[in-house]
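K.L.:
Following this line is data-v1.cif, made up of mmCIF, C-alpha atoms and all ligand atoms:
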data_my_file
loop_
_atom_site.label_atom_id
_atom_site.label_comp_id
_atom_site.auth_asym_id
_atom_site.auth_seq_id
_atom_site.Cartn_x
_atom_site.Cartn_y
_atom_site.Cartn_z
CA MET A 1 16.85 -10.68 15.69
CA LYS A 2 19.02 -9.03 18.39
CA THR A 3 18.41 -5.31 18.67
CA THR A 4 19.63 -2.42 20.82
CA PRO A 5 17.06 -0.26 22.64
CA PRO A 6 16.75 3.19 21.03
CA TYR A 7 17.63 6.07 23.35
CA TRP A 8 14.13 7.61 23.08
CA TRP A 9 12.69 4.65 24.99
CA GLU A 10 14.13 6.48 28.04
CA HIS A 11 11.19 8.87 27.66
CA ALA A 12 8.58 6.18 26.94
CA PRO A 13 9.69 2.86 28.42
CA ARG A 14 8.48 -0.42 26.96
CA GLU A 15 6.14 -2.45 29.13
CA ASN A 16 5.58 -6.09 29.80
CA THR A 17 2.35 -7.62 31.06
CA PRO A 18 1.92 -10.11 33.89
CA GLU A 19 1.63 -13.72 32.73
CA ILE A 20 -1.93 -13.95 31.41
CA THR A 21 -3.69 -17.14 30.31
CA PRO A 22 -5.07 -16.51 26.81
CA PRO A 23 -8.89 -16.44 26.61
CA ALA A 24 -10.45 -19.69 25.36
CA ALA A 25 -12.34 -17.98 22.53
CA VAL A 26 -12.63 -14.53 20.95
CA ASP A 27 -14.08 -13.00 17.81
CA ILE A 28 -10.72 -11.77 16.59
CA ALA A 29 -7.15 -12.60 17.59
CA ILE A 30 -4.48 -10.11 16.65
CA VAL A 31 -0.85 -11.17 16.36
CA GLY A 32 1.71 -8.39 16.83
CA ALA A 33 1.35 -5.25 18.95
CA GLY A 34 2.80 -2.59 16.64
CA PHE A 35 0.74 0.26 15.20
CA SER A 36 -1.09 -2.12 12.82
CA GLY A 37 -2.13 -4.55 15.57
CA LEU A 38 -3.04 -1.81 18.07
CA SER A 39 -5.03 0.17 15.55
CA ALA A 40 -6.90 -2.95 14.40
CA ALA A 41 -7.60 -3.91 18.02
CA LEU A 42 -8.91 -0.45 18.89
CA THR A 43 -11.21 -0.27 15.87
CA LEU A 44 -12.56 -3.80 16.34
CA ALA A 45 -13.03 -3.57 20.12
CA ARG A 46 -14.87 -0.26 19.74
CA ALA A 47 -17.10 -1.93 17.14
CA GLY A 48 -18.12 -4.42 19.82
CA ARG A 49 -15.93 -7.41 18.92
CA SER A 50 -14.07 -9.43 21.55
CA VAL A 51 -10.36 -9.11 20.85
CA VAL A 52 -7.12 -10.56 22.20
CA LEU A 53 -3.73 -9.17 21.23
CA PHE A 54 -0.58 -11.33 21.34
CA GLU A 55 2.91 -9.82 21.28
CA ALA A 56 6.04 -11.97 21.05
CA GLY A 57 8.26 -9.50 22.93
CA GLN A 58 7.78 -6.44 25.09
CA LEU A 59 4.99 -4.13 23.96
CA GLY A 60 6.33 -2.04 21.11
CA GLU A 61 9.30 -4.32 20.61
CA GLY A 62 9.08 -3.89 16.83
CA ALA A 63 9.36 -1.03 14.35
CA SER A 64 6.51 1.04 15.76
CA SER A 65 8.41 2.41 18.74
CA ARG A 66 11.83 2.37 17.04
CA ASN A 67 11.10 4.43 13.97
CA GLY A 68 12.09 7.96 12.98
CA GLY A 69 8.69 9.42 13.85
CA MET A 70 8.33 11.19 10.52
CA VAL A 71 4.72 11.69 9.56
CA GLY A 72 4.14 12.32 5.88
CA SER A 73 4.00 10.69 2.52
CA SER A 74 7.14 9.54 0.82
CA PHE A 75 7.35 8.48 -2.80
CA HIS A 76 11.01 8.83 -3.60
CA LYS A 77 11.58 5.09 -4.14
CA LEU A 78 9.36 4.94 -7.23
CA GLY A 79 9.05 8.66 -7.85
CA ILE A 80 6.08 10.20 -9.59
CA ALA A 81 7.09 8.77 -12.98
CA GLY A 82 7.48 5.28 -11.49
CA LEU A 83 4.09 5.49 -9.78
CA GLN A 84 2.41 6.70 -12.95
CA ALA A 85 4.05 3.98 -15.04
CA GLN A 86 2.84 1.33 -12.60
CA TYR A 87 -0.63 2.64 -11.73
CA GLY A 88 -1.59 5.28 -14.32
CA VAL A 89 -2.16 8.98 -13.63
CA GLU A 90 -5.57 8.79 -11.95
CA LYS A 91 -4.66 5.99 -9.56
CA THR A 92 -1.34 7.72 -8.75
CA ASN A 93 -3.21 10.90 -7.84
CA GLU A 94 -5.58 8.91 -5.64
CA ILE A 95 -2.63 7.25 -3.85
CA ILE A 96 -0.99 10.62 -3.27
CA ARG A 97 -4.19 12.27 -2.01
CA GLU A 98 -4.84 9.41 0.37
CA SER A 99 -1.33 9.49 1.74
CA ILE A 100 -1.50 13.26 2.26
CA GLY A 101 -4.83 12.85 4.00
CA PHE A 102 -3.35 10.48 6.53
CA VAL A 103 -1.27 13.26 8.11
CA GLY A 104 -4.51 15.09 8.91
CA PHE A 105 -5.96 11.82 10.16
CA ILE A 106 -3.07 11.40 12.65
CA ASP A 107 -3.42 15.03 13.73
CA ASP A 108 -7.18 14.67 14.34
CA PHE A 109 -6.82 11.24 15.94
CA LEU A 110 -4.21 12.39 18.48
CA LYS A 111 -6.34 15.40 19.41
CA ALA A 112 -9.59 13.44 19.65
CA GLU A 113 -7.97 10.71 21.75
CA ASN A 114 -5.96 13.17 23.81
CA ILE A 115 -2.70 11.26 23.20
CA ASP A 116 0.44 13.26 23.91
CA ALA A 117 3.00 12.03 21.39
CA ASP A 118 4.90 15.32 20.89
CA PHE A 119 3.29 15.63 17.46
CA LYS A 120 4.35 18.76 15.63
CA ARG A 121 3.30 19.62 12.11
CA SER A 122 6.62 21.27 11.48
CA GLY A 123 6.96 20.48 7.77
CA ARG A 124 9.58 18.33 6.11
CA PHE A 125 12.72 19.63 4.40
CA ARG A 126 14.24 17.45 1.69
CA GLY A 127 17.72 18.51 0.61
CA ALA A 128 19.10 17.71 -2.88
CA LEU A 129 22.60 16.28 -2.91
CA SER A 130 23.31 17.30 -6.54
CA PRO A 131 21.96 19.83 -9.07
CA ASP A 132 20.33 16.93 -10.96
CA HIS A 133 18.57 15.74 -7.82
CA PHE A 134 17.36 19.29 -7.22
CA ALA A 135 15.89 19.59 -10.74
CA LYS A 136 14.08 16.26 -10.32
CA MET A 137 12.83 17.21 -6.86
CA VAL A 138 11.43 20.53 -8.14
CA SER A 139 9.63 18.91 -11.04
CA GLU A 140 8.13 16.22 -8.75
CA PHE A 141 7.00 18.81 -6.26
CA GLN A 142 5.31 20.82 -9.03
CA ILE A 143 3.41 17.75 -10.21
CA PHE A 144 2.35 16.89 -6.63
CA HIS A 145 1.25 20.48 -6.10
CA GLU A 146 -0.68 20.86 -9.35
CA SER A 147 -2.32 17.44 -9.49
CA CYS A 148 -2.98 16.79 -5.79
CA GLY A 149 -2.73 20.10 -3.95
CA VAL A 150 0.42 19.17 -2.01
CA GLN A 151 1.45 22.33 -0.14
CA GLY A 152 5.05 23.43 0.20
CA SER A 153 7.83 25.47 -1.36
CA ILE A 154 10.98 25.17 -3.40
CA VAL A 155 14.17 26.24 -1.63
CA PRO A 156 16.87 27.46 -4.04
CA SER A 157 20.49 27.06 -2.94
CA GLY A 158 20.73 30.76 -1.97
CA ASP A 159 17.93 30.33 0.60
CA LEU A 160 19.17 27.14 2.24
CA ALA A 161 20.43 28.84 5.40
CA ALA A 162 16.82 29.42 6.43
CA GLU A 163 16.29 25.65 6.43
CA THR A 164 19.60 24.11 7.48
CA GLY A 165 23.11 24.99 8.58
CA SER A 166 24.45 22.15 6.42
CA LYS A 167 26.49 23.06 3.35
CA ARG A 168 25.87 19.72 1.64
CA PHE A 169 22.78 20.57 -0.35
CA HIS A 170 22.15 22.14 -3.77
CA GLY A 171 18.64 23.29 -2.95
CA GLY A 172 15.61 21.49 -1.59
CA VAL A 173 11.88 21.33 -1.15
CA VAL A 174 9.73 21.87 1.94
CA TYR A 175 6.55 19.83 2.35
CA ASP A 176 4.41 21.96 4.67
CA MET A 177 1.88 19.35 5.70
CA ASP A 178 4.33 16.80 7.15
CA GLY A 179 5.61 16.59 10.68
CA GLY A 180 7.06 14.40 13.36
CA LEU A 181 6.10 12.64 16.56
CA HIS A 182 7.62 10.54 19.31
CA PRO A 183 6.80 7.02 18.10
CA ALA A 184 7.18 5.28 21.46
CA LYS A 185 4.90 7.83 23.17
CA PHE A 186 2.33 7.33 20.41
CA HIS A 187 2.60 3.56 20.91
CA ASN A 188 2.16 3.87 24.68
CA GLY A 189 -0.84 6.13 24.09
CA LEU A 190 -2.53 3.46 21.96
CA ILE A 191 -1.83 0.78 24.58
CA ALA A 192 -3.46 2.99 27.23
CA LYS A 193 -6.56 3.38 25.03
CA LEU A 194 -6.86 -0.39 24.64
CA ARG A 195 -6.43 -0.97 28.36
CA ALA A 196 -9.11 1.62 29.07
CA ILE A 197 -11.65 -0.40 27.09
CA GLY A 198 -10.57 -3.73 28.58
CA VAL A 199 -8.81 -5.39 25.62
CA THR A 200 -6.64 -8.33 26.72
CA ILE A 201 -3.03 -7.70 25.71
CA ILE A 202 -0.52 -10.48 26.28
CA ALA A 203 3.16 -9.56 25.96
CA ASN A 204 6.08 -12.02 25.76
CA CYS A 205 3.73 -14.53 24.20
CA PRO A 206 4.62 -15.51 20.62
CA VAL A 207 1.98 -17.21 18.54
CA THR A 208 3.87 -20.31 17.49
CA SER A 209 1.32 -21.75 15.07
CA ILE A 210 -2.24 -21.33 13.84
CA ASP A 211 -4.53 -24.21 12.84
CA ARG A 212 -7.53 -23.62 10.66
CA THR A 213 -10.63 -25.71 11.29
CA ASN A 214 -13.71 -25.04 9.19
CA ALA A 215 -14.79 -21.51 10.06
CA SER A 216 -12.41 -20.86 12.97
CA PHE A 217 -8.74 -20.70 13.90
CA THR A 218 -6.79 -22.05 16.86
CA LEU A 219 -3.76 -20.04 17.91
CA HIS A 220 -1.06 -21.82 19.88
CA THR A 221 1.22 -19.98 22.31
CA PRO A 222 3.49 -21.01 25.20
CA LEU A 223 0.79 -19.72 27.61
CA GLY A 224 -2.14 -21.61 26.09
CA THR A 225 -4.45 -21.65 23.08
CA THR A 226 -7.21 -19.37 21.83
CA LYS A 227 -9.94 -20.05 19.29
CA ALA A 228 -10.85 -17.13 17.06
CA ASP A 229 -13.30 -16.54 14.22
CA ARG A 230 -10.77 -14.30 12.53
CA VAL A 231 -7.04 -13.61 12.84
CA ALA A 232 -5.16 -10.44 11.94
CA LEU A 233 -1.49 -11.17 11.38
CA CYS A 234 0.28 -7.85 12.07
CA THR A 235 3.81 -9.16 12.45
CA ASN A 236 5.59 -6.97 9.88
CA ALA A 237 9.11 -8.13 8.95
CA TYR A 238 9.38 -9.99 12.29
CA THR A 239 7.05 -12.65 10.82
CA GLY A 240 8.44 -16.09 11.57
CA PRO A 241 8.71 -19.05 9.18
CA GLN A 242 5.58 -20.64 10.73
CA PHE A 243 3.62 -18.07 8.67
CA ARG A 244 5.19 -19.10 5.40
CA HIS A 245 3.11 -16.97 3.04
CA GLN A 246 3.89 -13.67 4.84
CA HIS A 247 7.42 -14.70 5.84
CA ARG A 248 8.39 -14.94 2.18
CA ARG A 249 6.83 -11.61 1.25
CA VAL A 250 7.73 -9.10 4.00
CA LEU A 251 11.49 -8.85 4.28
CA PRO A 252 13.57 -7.23 7.04
CA LEU A 253 15.89 -4.31 6.31
CA ARG A 254 18.59 -3.22 8.69
CA SER A 255 18.74 0.42 9.68
CA ALA A 256 21.63 2.30 11.24
CA ILE A 257 21.35 5.31 13.50
CA ILE A 258 23.92 7.88 14.51
CA ALA A 259 22.95 9.75 17.67
CA THR A 260 25.02 12.80 18.54
CA ASP A 261 26.09 14.09 21.92
CA PRO A 262 23.67 16.67 23.31
CA ILE A 263 23.71 19.67 20.95
CA ALA A 264 23.89 23.22 22.31
CA PRO A 265 20.73 25.26 21.64
CA ASP A 266 22.50 27.86 19.46
CA LEU A 267 24.05 25.19 17.21
CA MET A 268 20.73 23.36 17.01
CA ALA A 269 19.04 26.61 15.99
CA ARG A 270 21.50 26.90 13.09
CA LEU A 271 21.37 23.25 12.01
CA MET A 272 17.60 22.81 12.04
CA PRO A 273 16.28 26.36 12.56
CA LYS A 274 12.62 25.48 11.95
CA GLY A 275 12.64 22.18 13.81
CA ARG A 276 11.46 20.36 10.68
CA VAL A 277 12.02 16.69 9.97
CA CYS A 278 14.70 16.48 7.28
CA GLY A 279 15.88 14.03 4.66
CA ASP A 280 18.08 13.94 1.60
CA SER A 281 17.70 12.82 -2.00
CA ARG A 282 19.63 9.53 -1.97
CA ARG A 283 17.89 6.34 -3.00
CA ILE A 284 18.90 4.89 0.37
CA VAL A 285 17.90 7.92 2.27
CA ALA A 286 19.54 9.51 5.31
CA TYR A 287 17.12 11.45 7.47
CA TYR A 288 17.42 13.65 10.49
CA THR A 289 15.11 14.33 13.36
CA ALA A 290 15.35 16.12 16.65
CA PRO A 291 12.80 14.17 18.68
CA HIS A 292 13.71 16.00 21.87
CA PRO A 293 14.45 19.52 20.67
CA MET A 294 17.71 20.96 21.95
CA VAL A 295 18.80 17.60 23.32
CA ARG A 296 20.07 15.42 20.50
CA ALA A 297 19.73 15.00 16.78
CA SER A 298 19.71 11.63 15.17
CA CYS A 299 20.36 10.39 11.70
CA LEU A 300 18.95 7.21 10.30
CA VAL A 301 20.14 5.43 7.19
CA ALA A 302 18.34 2.37 5.85
CA VAL A 303 20.77 -0.32 4.71
CA PRO A 304 19.62 -3.61 3.17
CA LEU A 305 20.31 -6.61 5.37
CA ALA A 306 23.12 -8.75 3.95
C1 LIG B 1 14.36 2.28 11.71
C2 LIG B 1 13.00 2.55 11.17
C3 LIG B 1 12.61 3.85 10.91
C4 LIG B 1 11.33 4.10 10.41
N1 LIG B 1 10.95 5.41 10.24
C5 LIG B 1 9.67 5.69 9.90
C6 LIG B 1 9.23 7.03 9.86
O1 LIG B 1 9.98 7.96 10.16
N2 LIG B 1 7.95 7.27 9.51
C7 LIG B 1 7.08 6.24 9.21
O2 LIG B 1 5.91 6.53 8.89
N3 LIG B 1 7.48 4.96 9.24
C8 LIG B 1 8.74 4.66 9.60
N4 LIG B 1 9.14 3.36 9.69
C9 LIG B 1 8.16 2.31 9.36
C10 LIG B 1 7.18 2.06 10.52
O3 LIG B 1 7.87 1.99 11.75
C11 LIG B 1 6.45 0.74 10.27
O4 LIG B 1 5.83 0.78 9.00
C12 LIG B 1 5.38 0.45 11.32
O5 LIG B 1 5.87 0.62 12.63
C13 LIG B 1 4.88 -0.96 11.12
O6 LIG B 1 4.00 -1.27 12.16
P1 LIG B 1 3.51 -2.75 12.34
O7 LIG B 1 2.53 -2.77 13.44
O8 LIG B 1 3.06 -3.26 11.01
O9 LIG B 1 4.82 -3.57 12.72
P2 LIG B 1 5.74 -3.60 14.05
O10 LIG B 1 5.65 -2.36 14.83
O11 LIG B 1 7.09 -4.05 13.60
O12 LIG B 1 5.05 -4.73 14.92
C14 LIG B 1 5.08 -6.08 14.58
C15 LIG B 1 5.07 -6.82 15.90
O13 LIG B 1 4.75 -8.19 15.67
C16 LIG B 1 5.39 -8.93 16.68
N5 LIG B 1 5.42 -10.35 16.29
C17 LIG B 1 6.10 -10.92 15.27
N6 LIG B 1 5.85 -12.24 15.23
C18 LIG B 1 5.00 -12.51 16.24
C19 LIG B 1 4.38 -13.71 16.72
N7 LIG B 1 4.58 -14.90 16.13
N8 LIG B 1 3.57 -13.65 17.80
C20 LIG B 1 3.31 -12.44 18.42
N9 LIG B 1 3.89 -11.28 18.00
C21 LIG B 1 4.72 -11.30 16.91
C22 LIG B 1 6.78 -8.29 16.75
O14 LIG B 1 7.44 -8.60 17.98
C23 LIG B 1 6.43 -6.82 16.61
O15 LIG B 1 6.30 -6.18 17.87
C24 LIG B 1 10.42 3.05 10.14
C25 LIG B 1 10.83 1.72 10.42
C26 LIG B 1 12.08 1.49 10.92
C27 LIG B 1 12.49 0.05 11.24
#
Before we go any further, please render this structure as structure tokens.
P.N.:
Amino acid sequence: MKTTPPYWWEHAPRENTPEITPPAAVDIAIVGAGFSGLSAALTLARAGRSVVLFEAGQLGEGASSRNGGMVGSSFHKLGIAGLQAQYGVEKTNEIIRESIGFVGFIDDFLKAENIDADFKRSGRFRGALSPDHFAKMVSEFQIFHESCGVQGSIVPSGDLAAETGSKRFHGGVVYDMDGGLHPAKFHNGLIAKLRAIGVTIIANCPVTSIDRTNASFTLHTPLGTTKADRVALCTNAYTGPQFRHQHRRVLPLRSAIIATDPIAPDLMARLMPKGRVCGDSRRIVAYYTAPHPMVRASCLVAVPLA
């Protein structure tokens, strides 16, 4: 898939690695160096396993360094009613609590690891694009708050100026616990942690096939083969047809971004006065972040791939 480099890579450039011959054998081979692959590699290597990490492109080529950097739970696809219908009330509450807890996990993890990823727990503002959306948003927030302790506040239309200079909304909700980070800096921070403990990372080295023999796997790449007791396939929607099972189940979506010219500080202070991450109430959501405050704002809209 041909992609354009996001502008925030200027502040956290992608890296390659020198050509490395893959190790003959490891405990665990990880395919894909996004957040999933890096996090798995870090946990496993620290638990004493030998690990090799293969990445088809540059490090962070995939979604992990390209994303909006919003940190927080998001349920507006199914909504609370949809979640409850699918999983029941108890399970829904467990899902919500776990997803809220992960924001604290990121916060603690970045501090403990001393990774500078511009993380700010600024809160998230969600604006309602119609009175109906606002009513639904308020009722969902109240359920989240009462059943799972989600912290935040309802913003009636008269109070919107404190949250945004935009006139498009009919009210909104603030989720206090959410925040934002610079995804490419976070990704680079994880790579540095892996390098520090000597994990072999091989960029520009796609795994072209995997053979299974009894209790082990053989991974084939253009630079050589590796035998592994276990394989973690962390290839997201970039999964190729050689991994048929996953290829048919994780589908790519195309996203569009509008990046503005640099925005003057006084206008920025009116548009996003609290520096929160922001989104709206559409099913295909538009969301707004200011990853480099006072420099640019960006808007991302997810659009299904034709
Ligand atoms: C535009 C956009 C905005 C987003 N915004 C947010 C957000 O604001 N907040 C949020 O929480 N989430 C957001 N997400 C989702 C988030 O980015 C992903 O859920 C997360 O990055 C997935 O990480 P991953 O490691 O699973 O996959 P990826 O980071 O995509 O990594 C998969 C890697 O596997 C590699 N690969 C594929 N096939 C092979 C192979 N055969 N051999 C070797 N390597 C291979 C790919 O090159 C890729 O680098 C967004 C996603 C996108 C696309």
K.L.:
How would you write as a PyMOL selection string the residues that get within 6 Å of (6.9, -17.7, 22.0) in the file's frame, counting all atoms listed in the file?
P.N.:
chain A and resi 56+205-206+222
K.L.:
Looking at all atoms listed in the file, which of A:Leu78, A:Ala196, A:Ala135, A:Ile100 is the one that sits closest to Gln151 in chain A?
P.N.:
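Smallest separation from Gln151 in chain A among the options: A:Ile100.
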K.L.:
Where does chain A meet ligand LIG 1 (chain B) within 6 Å, residue by residue, with the nearest atom pair and distance in Å to one decimal for each, counting all atoms listed in the file, listed by chain and rising number, as CSV?
P.N.:
residue,atom,partner,partner_atom,distance
A:Val31,CA,B:LIG1,C20,4.8
A:Gly32,CA,B:LIG1,O13,3.3
A:Ala33,CA,B:LIG1,C15,5.1
A:Gly34,CA,B:LIG1,O7,3.2
A:Phe35,CA,B:LIG1,O7,3.9
A:Ser36,CA,B:LIG1,O7,3.7
A:Gly37,CA,B:LIG1,O7,5.4
A:Phe54,CA,B:LIG1,C20,5.0
A:Glu55,CA,B:LIG1,N9,3.7
A:Ala56,CA,B:LIG1,N9,3.8
A:Gly57,CA,B:LIG1,O14,5.1
A:Gly60,CA,B:LIG1,O15,5.3
A:Glu61,CA,B:LIG1,O15,4.5
A:Gly62,CA,B:LIG1,O15,3.7
A:Ala63,CA,B:LIG1,O11,3.9
A:Ser64,CA,B:LIG1,O5,3.2
A:Arg66,CA,B:LIG1,C1,5.9
A:Asn67,CA,B:LIG1,C3,3.5
A:Gly68,CA,B:LIG1,O1,3.5
A:Gly69,CA,B:LIG1,O1,4.2
A:Met70,CA,B:LIG1,O1,3.6
A:Val71,CA,B:LIG1,O2,5.3
A:Pro206,CA,B:LIG1,N8,3.5
A:Val207,CA,B:LIG1,N8,4.0
A:Thr208,CA,B:LIG1,N7,5.6
A:Cys234,CA,B:LIG1,O8,5.5
A:Thr235,CA,B:LIG1,O13,3.5
A:Asn236,CA,B:LIG1,O9,4.5
A:Tyr238,CA,B:LIG1,C17,4.5
A:Thr239,CA,B:LIG1,N6,4.6
A:Gly240,CA,B:LIG1,N6,5.9
A:Ser255,CA,B:LIG1,C1,5.2
K.L.:
Please measure the separation of CA of Met177 in chain A and CA of Ser73 in chain A, giving the value in Å to one decimal.
P.N.:
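Here the two named atoms are 9.5 Å from each other.
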K.L.:
For Leu251 in chain A, please output as an mmCIF file with C-alpha atoms, in the frame of the given file all residues within 8 Å (counting only C-alpha atoms; exclusion window: fewer than 3 positions along the same chain).
P.N.:
data_model
loop_
_atom_site.group_PDB
_atom_site.id
_atom_site.type_symbol
_atom_site.label_atom_id
_atom_site.label_comp_id
_atom_site.auth_asym_id
_atom_site.auth_seq_id
_atom_site.Cartn_x
_atom_site.Cartn_y
_atom_site.Cartn_z
ATOM 1 C CA ALA A 237 9.110 -8.130 8.950
ATOM 2 C CA HIS A 247 7.420 -14.700 5.840
ATOM 3 C CA ARG A 248 8.390 -14.940 2.180
#
K.L.:
As an exercise, work out the distance from CA of Arg14 in chain A to CA of Leu59 in chain A in Å and give it to one decimal place.
P.N.:
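These two atoms are separated by 5.9 Å.
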K.L.:
Show me, as a ChimeraX atom specification, the residues that have an atom within 12 Å of Gly224 in chain A when counting all atoms listed in the file, minus same-chain residues fewer than 4 positions from it.
P.N.:
/A:19-25,54,202,205-209,218-220
K.L.:
Can you write just those residues out, C-alpha atoms, as a CSV table (one decimal), in the coordinates of the input?
P.N.:
chain,number,residue,atom,x,y,z
A,19,GLU,CA,1.6,-13.7,32.7
A,20,ILE,CA,-1.9,-14.0,31.4
A,21,THR,CA,-3.7,-17.1,30.3
A,22,PRO,CA,-5.1,-16.5,26.8
A,23,PRO,CA,-8.9,-16.4,26.6
A,24,ALA,CA,-10.4,-19.7,25.4
A,25,ALA,CA,-12.3,-18.0,22.5
A,54,PHE,CA,-0.6,-11.3,21.3
A,202,ILE,CA,-0.5,-10.5,26.3
A,205,CYS,CA,3.7,-14.5,24.2
A,206,PRO,CA,4.6,-15.5,20.6
A,207,VAL,CA,2.0,-17.2,18.5
A,208,THR,CA,3.9,-20.3,17.5
A,209,SER,CA,1.3,-21.8,15.1
A,218,THR,CA,-6.8,-22.0,16.9
A,219,LEU,CA,-3.8,-20.0,17.9
A,220,HIS,CA,-1.1,-21.8,19.9
K.L.:
With all atoms listed in the file as the counted atoms, please give the residues lying no more than 8 Å from range 162-173 of chain A, apart from itself and same-chain residues fewer than 3 positions off, as a PyMOL selection string.
P.N.:
chain A and resi 125-131+134+137-138+141+152-159+270-274
K.L.:
With distances taken over all atoms listed in the file, which residue among A:His133, A:Ser122, A:Ala112, A:Leu181 lies nearest Arg282 in chain A?
P.N.:
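So, comparing all the options, the nearest one is A:His133.
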K.L.:
Saving range 228-256 of chain A with C-alpha atoms, as an mmCIF file, in the first residue's frame, what would that file be?
P.N.:
data_model
loop_
_atom_site.group_PDB
_atom_site.id
_atom_site.type_symbol
_atom_site.label_atom_id
_atom_site.label_comp_id
_atom_site.auth_asym_id
_atom_site.auth_seq_id
_atom_site.Cartn_x
_atom_site.Cartn_y
_atom_site.Cartn_z
ATOM 1 C CA ALA A 228 11.223 -20.319 16.489
ATOM 2 C CA ASP A 229 9.273 -22.187 19.159
ATOM 3 C CA ARG A 230 6.535 -19.592 18.952
ATOM 4 C CA VAL A 231 5.518 -16.835 16.545
ATOM 5 C CA ALA A 232 3.589 -13.659 17.294
ATOM 6 C CA LEU A 233 1.983 -12.285 14.154
ATOM 7 C CA CYS A 234 1.551 -8.549 14.841
ATOM 8 C CA THR A 235 0.958 -7.382 11.291
ATOM 9 C CA ASN A 236 -2.348 -5.539 11.748
ATOM 10 C CA ALA A 237 -4.178 -4.688 8.508
ATOM 11 C CA TYR A 238 -0.869 -4.861 6.593
ATOM 12 C CA THR A 239 -1.083 -8.673 6.872
ATOM 13 C CA GLY A 240 -0.305 -10.228 3.503
ATOM 14 C CA PRO A 241 -2.176 -13.070 1.782
ATOM 15 C CA GLN A 242 0.530 -15.559 2.877
ATOM 16 C CA PHE A 243 -1.148 -15.416 6.312
ATOM 17 C CA ARG A 244 -4.558 -16.350 4.990
ATOM 18 C CA HIS A 245 -6.410 -16.692 8.288
ATOM 19 C CA GLN A 246 -5.485 -13.182 9.528
ATOM 20 C CA HIS A 247 -5.535 -11.604 6.061
ATOM 21 C CA ARG A 248 -9.236 -12.416 5.750
ATOM 22 C CA ARG A 249 -10.101 -11.096 9.198
ATOM 23 C CA VAL A 250 -8.211 -7.811 9.702
ATOM 24 C CA LEU A 251 -9.201 -5.371 6.992
ATOM 25 C CA PRO A 252 -7.543 -2.072 6.026
ATOM 26 C CA LEU A 253 -9.418 1.227 6.265
ATOM 27 C CA ARG A 254 -8.241 4.362 4.558
ATOM 28 C CA SER A 255 -7.914 7.511 6.628
ATOM 29 C CA ALA A 256 -7.682 11.086 5.404
#
